[in-house]
>>> print(open('query_3.txt').read())   # compact mmCIF, C-alpha atoms
# COMPACT_ATOMS: atom_id res chain seq x y z
CA MET A 1 -7.70 -33.81 -35.11
CA HIS A 2 -4.57 -33.30 -37.10
CA GLU A 3 -1.63 -30.95 -36.97
CA ILE A 4 -0.56 -28.59 -39.75
CA LYS A 5 2.78 -26.84 -39.76
CA THR A 6 2.47 -23.16 -40.65
CA GLY A 7 5.92 -21.63 -40.27
CA PHE A 8 5.04 -18.32 -41.91
CA GLY A 9 7.48 -16.54 -39.70
CA ASP A 10 7.90 -14.38 -36.72
CA ILE A 11 5.51 -11.43 -36.48
CA LEU A 12 8.06 -9.46 -34.48
CA LYS A 13 10.57 -9.93 -37.27
CA ARG A 14 8.47 -7.47 -39.29
CA GLN A 15 9.04 -4.94 -36.49
CA LEU A 16 12.74 -5.70 -36.57
CA GLU A 17 12.89 -5.21 -40.35
CA LEU A 18 11.15 -1.84 -40.11
CA ALA A 19 13.51 -0.88 -37.28
CA GLU A 20 16.50 -1.82 -39.44
CA ARG A 21 15.13 0.37 -42.22
CA ASN A 22 14.93 3.32 -39.80
CA TYR A 23 18.45 2.58 -38.61
CA GLU A 24 19.77 2.61 -42.17
CA LEU A 25 17.98 5.88 -42.98
CA LEU A 26 19.39 7.50 -39.84
CA SER A 27 22.94 6.25 -40.47
CA ASP A 28 22.79 7.38 -44.10
CA ARG A 29 21.89 10.86 -42.92
CA GLY A 30 24.56 10.78 -40.21
CA VAL A 31 22.04 10.95 -37.37
CA ARG A 32 22.51 9.13 -34.10
CA ALA A 33 19.15 8.33 -32.47
CA ILE A 34 18.43 7.47 -28.86
CA ASN A 35 15.21 5.79 -27.72
CA VAL A 36 14.29 7.31 -24.34
CA MET A 37 11.92 5.11 -22.36
CA GLY A 38 10.43 5.32 -18.89
CA ALA A 39 7.24 5.63 -16.88
CA ILE A 40 4.96 8.66 -16.92
CA GLY A 41 6.56 11.43 -14.89
CA SER A 42 10.01 9.86 -14.65
CA GLY A 43 11.49 13.02 -16.16
CA LYS A 44 12.24 11.94 -19.74
CA THR A 45 11.42 15.33 -21.30
CA ALA A 46 13.35 17.35 -18.71
CA LEU A 47 16.34 15.04 -19.12
CA ILE A 48 16.29 15.33 -22.92
CA LEU A 49 16.16 19.13 -22.67
CA GLN A 50 19.15 19.16 -20.30
CA LEU A 51 21.17 16.79 -22.48
CA ALA A 52 20.24 18.81 -25.58
CA GLU A 53 21.48 22.05 -24.02
CA ARG A 54 24.85 20.48 -23.13
CA LEU A 55 25.24 18.79 -26.51
CA GLN A 56 24.47 22.05 -28.30
CA ALA A 57 27.16 23.73 -26.21
CA LYS A 58 29.58 21.17 -27.66
CA GLY A 59 28.44 22.13 -31.16
CA ILE A 60 26.28 19.02 -31.63
CA ARG A 61 22.91 19.69 -33.26
CA VAL A 62 19.99 18.03 -31.48
CA GLY A 63 16.41 17.19 -32.48
CA ALA A 64 13.60 15.44 -30.65
CA ILE A 65 10.50 13.42 -31.42
CA ALA A 66 7.83 13.28 -28.72
CA GLY A 67 5.82 10.07 -28.52
CA ASP A 68 2.58 10.41 -26.63
CA VAL A 69 -0.83 8.78 -26.66
CA ALA A 70 -2.34 12.21 -27.28
CA GLY A 71 -1.48 15.89 -27.11
CA ASP A 72 1.44 18.08 -28.03
CA ASP A 73 2.65 19.25 -24.60
CA ASP A 74 6.07 17.64 -24.95
CA LEU A 75 6.35 18.86 -28.53
CA LYS A 76 5.78 22.42 -27.29
CA ARG A 77 8.54 21.96 -24.70
CA PHE A 78 10.97 20.84 -27.40
CA GLN A 79 9.88 23.69 -29.69
CA ALA A 80 10.28 26.23 -26.88
CA ALA A 81 13.87 25.03 -26.51
CA GLY A 82 14.37 25.66 -30.23
CA LEU A 83 14.88 22.00 -31.15
CA PRO A 84 13.78 20.72 -34.55
CA SER A 85 10.96 18.49 -33.34
CA ALA A 86 7.91 16.43 -34.17
CA VAL A 87 5.20 14.56 -32.30
CA ILE A 88 3.87 11.05 -32.79
CA ASN A 89 0.44 10.56 -31.24
CA THR A 90 -0.18 6.85 -30.93
CA GLY A 91 -3.93 7.29 -30.37
CA ASP A 92 -4.22 4.85 -27.45
CA ASP A 93 -1.30 2.56 -28.24
CA CYS A 94 0.98 2.18 -25.24
CA HIS A 95 4.28 2.34 -27.15
CA LEU A 96 5.98 3.70 -30.25
CA ASP A 97 6.76 1.25 -33.02
CA ALA A 98 9.18 1.27 -35.93
CA HIS A 99 6.40 1.85 -38.45
CA ARG A 100 5.20 5.07 -36.82
CA VAL A 101 8.74 6.29 -36.26
CA GLY A 102 9.53 5.57 -39.92
CA HIS A 103 6.70 7.88 -41.00
CA ALA A 104 7.84 10.61 -38.62
CA LEU A 105 11.42 10.35 -39.90
CA LYS A 106 10.26 10.88 -43.49
CA ASP A 107 9.03 14.38 -42.65
CA PHE A 108 11.74 15.24 -40.13
CA PRO A 109 14.52 17.73 -41.04
CA LEU A 110 17.22 15.10 -40.51
CA SER A 111 19.87 17.23 -42.22
CA ALA A 112 19.50 19.78 -39.40
CA VAL A 113 20.45 17.37 -36.58
CA ASP A 114 23.31 15.13 -35.49
CA VAL A 115 21.54 13.54 -32.54
CA LEU A 116 17.84 12.67 -32.36
CA PHE A 117 16.12 11.85 -29.10
CA ILE A 118 12.97 9.79 -29.57
CA GLU A 119 10.92 10.07 -26.41
CA ASN A 120 8.75 6.97 -26.11
CA VAL A 121 5.26 6.86 -24.61
CA GLY A 122 5.38 7.02 -20.80
CA ASN A 123 5.30 3.31 -19.98
CA LEU A 124 7.93 1.03 -18.50
CA VAL A 125 6.62 -2.21 -20.00
CA CYS A 126 5.47 -2.23 -23.60
CA PRO A 127 8.16 -0.16 -25.41
CA ALA A 128 10.74 -2.85 -24.54
CA ASP A 129 9.25 -5.24 -27.10
CA PHE A 130 9.37 -2.75 -30.00
CA PRO A 131 12.77 -1.84 -31.44
CA LEU A 132 12.69 1.54 -33.24
CA GLY A 133 16.00 1.42 -35.08
CA THR A 134 17.82 3.72 -32.69
CA GLU A 135 21.51 3.33 -31.95
CA GLN A 136 20.97 3.38 -28.21
CA ASP A 137 18.29 2.85 -25.61
CA LEU A 138 18.06 4.90 -22.45
CA VAL A 139 15.63 4.16 -19.63
CA VAL A 140 14.77 6.91 -17.17
CA ILE A 141 13.32 6.00 -13.80
CA SER A 142 12.78 8.35 -10.89
CA VAL A 143 13.37 7.59 -7.24
CA THR A 144 9.75 8.64 -6.63
CA GLU A 145 8.68 5.43 -8.36
CA GLY A 146 10.18 3.54 -5.39
CA ASP A 147 13.42 1.65 -4.85
CA ASP A 148 11.88 -1.58 -6.14
CA MET A 149 11.47 -0.46 -9.77
CA VAL A 150 14.08 -2.85 -11.14
CA ARG A 151 12.61 -5.73 -9.17
CA LYS A 152 9.18 -4.95 -10.61
CA HIS A 153 10.37 -4.67 -14.22
CA PRO A 154 13.40 -6.96 -14.39
CA LYS A 155 13.14 -7.92 -18.07
CA MET A 156 13.10 -4.28 -19.17
CA PHE A 157 16.30 -3.59 -17.24
CA ALA A 158 17.96 -6.87 -18.27
CA GLN A 159 17.80 -5.56 -21.86
CA THR A 160 18.67 -1.89 -21.35
CA ASP A 161 22.29 -0.83 -21.21
CA VAL A 162 21.97 2.73 -19.92
CA VAL A 163 19.68 3.76 -17.07
CA ALA A 164 19.26 7.22 -15.57
CA ILE A 165 18.01 7.13 -11.98
CA ASN A 166 16.40 10.55 -11.88
CA LYS A 167 15.07 12.98 -9.24
CA ILE A 168 17.79 11.98 -6.78
CA ASP A 169 17.30 15.38 -5.13
CA LEU A 170 14.06 13.90 -3.75
CA ALA A 171 15.53 10.58 -2.59
CA GLU A 172 16.21 11.65 0.99
CA ILE A 173 12.82 13.33 1.45
CA ILE A 174 10.91 10.24 0.38
CA GLU A 175 13.42 7.88 2.08
CA VAL A 176 14.43 5.93 -0.99
CA ASP A 177 17.96 4.62 -1.34
CA PRO A 178 19.08 5.03 -4.98
CA GLN A 179 21.94 2.56 -4.36
CA ARG A 180 19.41 -0.22 -3.92
CA ILE A 181 18.13 0.48 -7.44
CA VAL A 182 21.71 0.46 -8.75
CA GLU A 183 22.46 -2.88 -7.06
CA ASP A 184 19.31 -4.54 -8.41
CA TYR A 185 20.13 -3.25 -11.88
CA ARG A 186 23.70 -4.63 -11.75
CA ARG A 187 22.35 -8.07 -10.90
CA VAL A 188 19.94 -8.24 -13.86
CA ASN A 189 22.36 -6.47 -16.22
CA PRO A 190 26.04 -6.83 -15.30
CA HIS A 191 27.06 -4.79 -18.37
CA GLY A 192 24.59 -1.96 -17.85
CA ARG A 193 25.57 1.52 -16.68
CA ALA A 194 23.42 3.40 -14.18
CA VAL A 195 23.81 7.15 -13.64
CA LEU A 196 22.23 9.11 -10.78
CA THR A 197 20.64 12.28 -12.15
CA ASP A 198 18.59 15.29 -11.13
CA ALA A 199 17.47 16.61 -14.49
CA LYS A 200 15.59 19.53 -12.99
CA HIS A 201 18.80 21.02 -11.59
CA GLY A 202 21.17 19.55 -14.17
CA ARG A 203 23.01 17.10 -11.92
CA GLY A 204 24.61 13.99 -13.39
CA MET A 205 24.21 15.22 -16.95
CA GLU A 206 27.90 15.23 -17.87
CA GLU A 207 28.33 11.69 -16.54
CA LEU A 208 25.26 10.52 -18.46
CA LEU A 209 26.58 12.10 -21.66
CA SER A 210 29.90 10.36 -21.20
CA VAL A 211 28.19 6.98 -20.57
CA LEU A 212 26.19 7.56 -23.78
CA GLY A 213 29.51 8.07 -25.54
CA PHE A 214 29.57 11.87 -26.00
CA MET B 215 -1.03 -3.81 -22.82
CA HIS B 216 0.46 -4.36 -26.24
CA GLU B 217 -1.05 -7.85 -26.32
CA TYR B 218 -3.98 -6.64 -28.45
CA SER B 219 -1.80 -5.19 -31.17
CA LEU B 220 0.36 -8.32 -31.24
CA ALA B 221 -2.70 -10.62 -31.23
CA HIS B 222 -4.02 -8.54 -34.11
CA SER B 223 -0.79 -9.01 -36.08
CA LEU B 224 -0.85 -12.76 -35.38
CA LEU B 225 -4.47 -12.98 -36.51
CA GLU B 226 -3.94 -10.93 -39.66
CA GLY B 227 -0.85 -12.95 -40.55
CA LEU B 228 -2.59 -16.26 -40.04
CA LEU B 229 -5.76 -15.25 -41.94
CA GLU B 230 -3.59 -14.13 -44.84
CA HIS B 231 -1.64 -17.38 -44.70
CA LEU B 232 -4.88 -19.40 -44.67
CA SER B 233 -6.21 -17.52 -47.70
CA THR B 234 -3.36 -18.97 -49.77
CA HIS B 235 -2.87 -22.22 -47.79
CA PRO B 236 -6.45 -23.26 -46.91
CA VAL B 237 -7.01 -26.07 -44.41
CA GLU B 238 -9.85 -28.56 -44.42
CA GLY B 239 -11.75 -28.46 -41.16
CA ARG B 240 -12.05 -26.03 -38.27
CA VAL B 241 -8.90 -24.70 -36.61
CA VAL B 242 -9.19 -25.47 -32.89
CA LYS B 243 -5.71 -24.60 -31.64
CA VAL B 244 -3.08 -22.16 -32.82
CA HIS B 245 0.33 -23.04 -31.42
CA VAL B 246 2.58 -20.07 -30.71
CA ARG B 247 6.20 -19.86 -29.55
CA GLN B 248 6.89 -16.83 -27.39
CA GLY B 249 10.44 -15.79 -26.53
CA GLU B 250 11.04 -15.30 -22.82
CA LEU B 251 12.52 -11.84 -23.27
CA LEU B 252 9.15 -10.54 -24.43
CA ILE B 253 7.15 -8.79 -21.76
CA LEU B 254 3.80 -10.30 -22.68
CA SER B 255 0.98 -11.67 -20.59
CA GLN B 256 -0.15 -15.01 -21.97
CA GLU B 257 -3.61 -14.57 -20.44
CA ALA B 258 -4.07 -11.17 -22.09
CA LEU B 259 -2.78 -12.48 -25.42
CA GLY B 260 -5.24 -15.41 -25.27
CA GLU B 261 -8.13 -13.12 -24.33
CA ALA B 262 -7.26 -10.68 -27.13
CA TRP B 263 -7.17 -13.59 -29.56
CA ARG B 264 -10.62 -14.80 -28.47
CA LEU B 265 -12.14 -11.34 -28.92
CA LEU B 266 -10.38 -10.37 -32.15
CA SER B 267 -10.96 -13.70 -33.91
CA GLU B 268 -14.73 -13.50 -33.44
CA GLY B 269 -16.45 -13.26 -36.82
CA THR B 270 -13.39 -14.65 -38.65
CA PRO B 271 -12.80 -18.24 -39.84
CA LEU B 272 -10.61 -18.61 -36.72
CA ALA B 273 -13.43 -17.89 -34.27
CA GLY B 274 -13.48 -20.36 -31.41
CA SER B 275 -9.81 -21.29 -31.78
CA GLU B 276 -7.49 -21.07 -28.78
CA LEU B 277 -3.91 -19.88 -28.60
CA GLU B 278 -1.57 -22.48 -27.12
CA ILE B 279 1.53 -20.57 -26.06
CA GLU B 280 4.89 -22.21 -25.48
CA ARG B 281 7.63 -20.15 -23.84
CA VAL B 282 11.00 -20.25 -25.59
CA PRO B 283 13.99 -19.97 -23.24
CA VAL B 284 16.61 -17.39 -24.10
CA ARG B 285 19.63 -18.65 -26.04
CA VAL B 286 22.72 -16.53 -26.46
CA ARG B 287 26.00 -16.34 -28.35
CA CYS B 288 29.17 -14.93 -26.81
CA PRO B 289 31.46 -12.93 -29.11
CA GLY B 290 34.18 -13.24 -26.44
CA CYS B 291 34.63 -16.96 -25.80
CA GLY B 292 32.35 -18.42 -28.48
CA TYR B 293 29.83 -19.90 -26.03
CA GLN B 294 26.50 -20.66 -27.63
CA GLY B 295 23.61 -22.01 -25.62
CA ASP B 296 21.14 -21.25 -22.86
CA ALA B 297 21.33 -17.87 -21.14
CA ARG B 298 22.07 -17.72 -17.45
CA TYR B 299 18.92 -17.10 -15.44
CA LEU B 300 18.67 -15.18 -12.22
CA ALA B 301 16.19 -16.80 -9.86
CA GLU B 302 15.84 -14.94 -6.61
CA GLU B 303 13.24 -15.22 -3.94
CA GLY B 304 10.58 -12.57 -4.39
CA TRP B 305 11.15 -12.04 -8.12
CA HIS B 306 8.51 -14.64 -8.98
CA GLN B 307 10.06 -15.25 -12.37
CA ALA B 308 13.47 -16.29 -13.63
CA ILE B 309 15.22 -13.37 -15.31
CA PRO B 310 17.49 -14.01 -18.29
CA VAL B 311 20.83 -12.26 -17.87
CA LEU B 312 22.56 -11.08 -21.04
CA ALA B 313 26.07 -11.88 -19.83
CA CYS B 314 28.00 -15.00 -20.85
CA PRO B 315 27.54 -17.94 -18.44
CA GLN B 316 31.19 -18.86 -19.07
CA CYS B 317 33.17 -15.61 -19.30
CA GLU B 318 30.64 -12.90 -18.26
CA ALA B 319 31.10 -10.91 -21.52
CA ARG B 320 28.12 -9.19 -23.13
CA VAL B 321 26.23 -11.70 -25.27
CA GLU B 322 24.04 -11.50 -28.35
CA VAL B 323 20.51 -12.89 -28.19
CA VAL B 324 20.00 -15.82 -30.58
CA GLU B 325 16.53 -16.85 -29.43
CA GLY B 326 14.08 -15.29 -26.99
CA LYS B 327 12.48 -12.32 -28.76
CA GLU B 328 10.26 -14.20 -31.17
CA LEU B 329 6.51 -14.61 -31.51
CA VAL B 330 5.86 -17.31 -34.09
CA ILE B 331 2.84 -19.39 -35.06
CA THR B 332 4.37 -22.83 -35.48
CA ASN B 333 1.41 -25.09 -36.24
CA LEU B 334 -2.33 -25.51 -36.14
CA THR B 335 -4.53 -28.22 -34.71
CA VAL B 336 -7.37 -28.78 -37.15
CA GLU B 337 -10.54 -30.79 -36.62
CA ASP B 338 -10.87 -33.77 -38.96
CA ARG B 339 -13.68 -33.44 -41.43
CA GLN B 340 -16.61 -35.71 -40.60
CA PRO B 341 -17.03 -38.47 -43.22
CA PRO B 342 -20.12 -37.73 -45.32
>>> encode(input="query_3.txt", output="structure tokens")
Amino acid sequence: MHEIKTGFGDILKRQLELAERNYELLSDRGVRAINVMGAIGSGKTALILQLAERLQAKGIRVGAIAGDVAGDDDLKRFQAAGLPSAVINTGDDCHLDAHRVGHALKDFPLSAVDVLFIENVGNLVCPADFPLGTEQDLVVISVTEGDDMVRKHPKMFAQTDVVAINKIDLAEIIEVDPQRIVEDYRRVNPHGRAVLTDAKHGRGMEELLSVLGF
Amino acid sequence: MHEYSLAHSLLEGLLEHLSTHPVEGRVVKVHVRQGELLILSQEALGEAWRLLSEGTPLAGSELEIERVPVRVRCPGCGYQGDARYLAEEGWHQAIPVLACPQCEARVEVVEGKELVITNLTVEDRQPP
């Protein structure tokens, strides 16, 4: 047996380079993009629609890209709200990646938007390893996923600076204490900001916008 | 389950590398460094490698994965070194915290997000 050094580089660096290319394209066009991640049913789409409505009221133009394994249900929701939108079907992949987003951005009417929400595939694990080139990341979790979500996915939360804890209107009914989620999150990410939201009824939206810097 | 797509990228990269830098003898081990911030199952990555490498010159080789601890740089106080890890009962893994171990400021990640093939263990050719 003998050893041979290869050193042909980091395969995730390729992802990072593609993400940087997306970031440059978006900055050139004056678009601020936000990567919205979270499990299936956490309320990502509803939250984006609520944020979009409030941003539009401030005169900020909003677009959205729906990332899903299959289907155009979320795309239709964005279209119904009148947002310039597109869909990326990953065809079984569990996450969006910078390459796919790059293709979608090429055809997207970027000159018609100031803010672009990119809704990732419903999954709280895999998207964390794939930067897309967005300016910010936002993770949405719902209290219905249980108060141990941070404890079950600590590395995701250690790397995410804004978290919306959604569906708090249901917390009491299902006997989940949202504060426990907030405390766990603070321990793994002392610089992170958690906001309690109820996207269905529009609660917590102004605070979330302010945390996102709007 | 993004282990398959990453195993596929590793395999493609290595096969391409070997087409321009051929080795004499069979590759038995592929040594990989995996940053601890990645959310990857080593078992799934190894299994994906075994399946995907079938029918290629790398068939029968094993991935040997070494975990790379997270290293950070602090723009506040200039600290550069290992990240602080949170080890609590019931978490079953140590969690890297992206705050400075010295001054608690937000840190930049220097190492811990990489997936690199560092070297290969190759069988010596039998003397004729």
>>> residues_around(input="query_3.txt", residues="Glu250 of chain B", least_positions_apart="4", cutoff="9 Å", atoms="only C-alpha atoms", output="list of chain:residue names")
B:Leu254, B:Arg281, B:Val282, B:Pro283, B:Val284, B:Ile309, B:Pro310, B:Glu325, B:Gly326, B:Lys327, B:Glu328
>>> residues_around(input="query_3.txt", residues="Arg240 of chain B", least_positions_apart="4", cutoff="12 Å", atoms="all atoms listed in the file", output="PyMOL selection string")
(chain A and resi 1-4) or (chain B and resi 232+236+244+270-276+334-340)
>>> interface_residues(input="query_3.txt", of="chain B", to="chain A", cutoff="7 Å", atoms="only C-alpha atoms", output="list in words")
Met215, His216, Ser223, Leu224, Leu251, Leu252, Ile253, Trp305, Ile309, Val311, Leu312, Ala313, Arg320, Glu328, Leu329, Val330, Ile331, Thr332, Asn333, Leu334, Thr335, Val336, Glu337 and Asp338 of chain B
>>> residues_near_point(input="query_3.txt", point="(28.8, -19.9, -25.5)", cutoff="8 Å", atoms="only C-alpha atoms", output="list in words")
Val286, Arg287, Cys288, Cys291, Gly292, Tyr293, Gln294, Gly295, Cys314, Pro315 and Gln316 of chain B
>>> residues_around(input="query_3.txt", residues="segment 105-113 of chain A", least_positions_apart="4", cutoff="6 Å", atoms="only C-alpha atoms", output="ChimeraX atom specification")
/A:61-63
>>> atom_distance(input="query_3.txt", atom1="atom CA of Arg193 of chain A", atom2="atom CA of Val211 of chain A")
7.2 Å
>>> atom_distance(input="query_3.txt", atom1="atom CA of Ala57 of chain A", atom2="atom CA of Lys44 of chain A")
20.1 Å
>>> closest_residue(input="query_3.txt", among="A:Gly30, A:Asp184, A:Glu53, A:Leu96", to="Leu300 of chain B", atoms="all atoms listed in the file")
A:Asp184
>>> atom_distance(input="query_3.txt", atom1="atom CA of Val121 of chain A", atom2="atom CA of Asp147 of chain A")
22.0 Å
>>> residues_around(input="query_3.txt", residues="Ile88 of chain A", least_positions_apart="2", cutoff="10 Å", atoms="all atoms listed in the file", output="list of chain:residue names")
A:Ile65, A:Ala66, A:Gly67, A:Asp68, A:Val69, A:Ala70, A:Gly71, A:Asp72, A:Leu75, A:Ala86, A:Thr90, A:Gly91, A:Leu96, A:Arg100, A:Val101, A:His103, A:Ala104, A:Ile118, A:Glu119, A:Asn120, A:Val121
>>> residues_around(input="query_3.txt", residues="segment 161-173 of chain A", least_positions_apart="3", cutoff="10 Å", atoms="all atoms listed in the file", output="PyMOL selection string")
chain A and resi 36-38+42-44+47+136-147+157-158+176-179+181-182+185+189-201+203-205+208+211-212
>>> closest_residue(input="query_3.txt", among="B:Val241, B:Ile279, B:Gly290, B:Leu265", to="Leu228 of chain B", atoms="only C-alpha atoms")
B:Val241
>>> closest_residue(input="query_3.txt", among="A:Pro131, A:Gly41, A:Gly122, A:Gly59", to="Glu20 of chain A", atoms="all atoms listed in the file")
A:Pro131
>>> residues_near_point(input="query_3.txt", point="(-1.8, -19.9, -27.0)", cutoff="9 Å", atoms="all atoms listed in the file", output="list of chain:residue names")
B:Lys243, B:Val244, B:His245, B:Val246, B:Arg247, B:Gln256, B:Glu257, B:Leu259, B:Gly260, B:Trp263, B:Glu276, B:Leu277, B:Glu278, B:Ile279, B:Glu280
>>> decode(input="query_3.txt", residues="segment 301-310 of chain B", atoms="all heavy atoms", output="short mmCIF file (atom, residue, chain, number, x, y, z; two decimals), in the first residue's frame")
data_model
loop_
_atom_site.label_atom_id
_atom_site.label_comp_id
_atom_site.auth_asym_id
_atom_site.auth_seq_id
_atom_site.Cartn_x
_atom_site.Cartn_y
_atom_site.Cartn_z
N ALA B 301 -21.60 21.33 24.80
CA ALA B 301 -21.83 19.90 25.01
C ALA B 301 -22.79 19.74 26.17
O ALA B 301 -22.42 19.95 27.32
CB ALA B 301 -20.51 19.20 25.28
N GLU B 302 -24.03 19.45 25.86
CA GLU B 302 -25.00 19.30 26.93
C GLU B 302 -25.54 17.89 26.92
O GLU B 302 -25.62 17.25 25.89
CB GLU B 302 -26.15 20.30 26.73
CG GLU B 302 -25.72 21.71 27.01
CD GLU B 302 -26.88 22.69 26.95
OE1 GLU B 302 -28.02 22.26 27.21
OE2 GLU B 302 -26.64 23.85 26.65
N GLU B 303 -25.93 17.45 28.08
CA GLU B 303 -26.49 16.11 28.19
C GLU B 303 -27.74 16.04 27.32
O GLU B 303 -28.54 16.96 27.31
CB GLU B 303 -26.86 15.86 29.64
CG GLU B 303 -26.74 14.41 30.02
CD GLU B 303 -27.08 14.20 31.47
OE1 GLU B 303 -26.58 14.98 32.32
OE2 GLU B 303 -27.85 13.29 31.74
N GLY B 304 -27.87 14.97 26.57
CA GLY B 304 -29.08 14.81 25.77
C GLY B 304 -28.95 15.34 24.36
O GLY B 304 -29.82 15.12 23.54
N TRP B 305 -27.87 16.06 24.06
CA TRP B 305 -27.71 16.58 22.69
C TRP B 305 -26.98 15.57 21.81
O TRP B 305 -27.05 15.64 20.61
CB TRP B 305 -26.97 17.93 22.69
CG TRP B 305 -27.79 19.03 23.25
CD1 TRP B 305 -28.36 19.08 24.48
CD2 TRP B 305 -28.17 20.25 22.60
NE1 TRP B 305 -29.04 20.25 24.63
CE2 TRP B 305 -28.95 20.99 23.50
CE3 TRP B 305 -27.90 20.79 21.32
CZ2 TRP B 305 -29.48 22.23 23.19
CZ3 TRP B 305 -28.42 22.04 21.02
CH2 TRP B 305 -29.21 22.74 21.95
N HIS B 306 -26.25 14.67 22.48
CA HIS B 306 -25.57 13.56 21.80
C HIS B 306 -24.53 14.00 20.78
O HIS B 306 -24.01 13.18 20.05
CB HIS B 306 -26.57 12.60 21.15
CG HIS B 306 -27.55 12.07 22.13
ND1 HIS B 306 -27.19 11.33 23.21
CD2 HIS B 306 -28.90 12.21 22.20
CE1 HIS B 306 -28.26 11.02 23.92
NE2 HIS B 306 -29.31 11.55 23.33
N GLN B 307 -24.30 15.26 20.64
CA GLN B 307 -23.18 15.71 19.82
C GLN B 307 -22.79 17.10 20.31
O GLN B 307 -23.61 17.81 20.88
CB GLN B 307 -23.54 15.75 18.33
CG GLN B 307 -24.78 16.55 17.98
CD GLN B 307 -25.00 16.66 16.47
OE1 GLN B 307 -24.07 16.84 15.71
NE2 GLN B 307 -26.24 16.55 16.04
N ALA B 308 -21.50 17.43 20.13
CA ALA B 308 -21.05 18.76 20.55
C ALA B 308 -21.40 19.73 19.43
O ALA B 308 -21.18 19.46 18.26
CB ALA B 308 -19.55 18.74 20.79
N ILE B 309 -21.98 20.86 19.81
CA ILE B 309 -22.47 21.82 18.82
C ILE B 309 -21.54 23.02 18.77
O ILE B 309 -21.34 23.71 19.78
CB ILE B 309 -23.89 22.32 19.20
CG1 ILE B 309 -24.81 21.13 19.45
CG2 ILE B 309 -24.44 23.25 18.13
CD1 ILE B 309 -24.89 20.15 18.31
N PRO B 310 -20.96 23.30 17.60
CA PRO B 310 -20.11 24.48 17.49
C PRO B 310 -20.95 25.76 17.61
O PRO B 310 -22.01 25.86 17.01
CB PRO B 310 -19.51 24.36 16.08
CG PRO B 310 -20.37 23.39 15.36
CD PRO B 310 -21.07 22.54 16.36
#
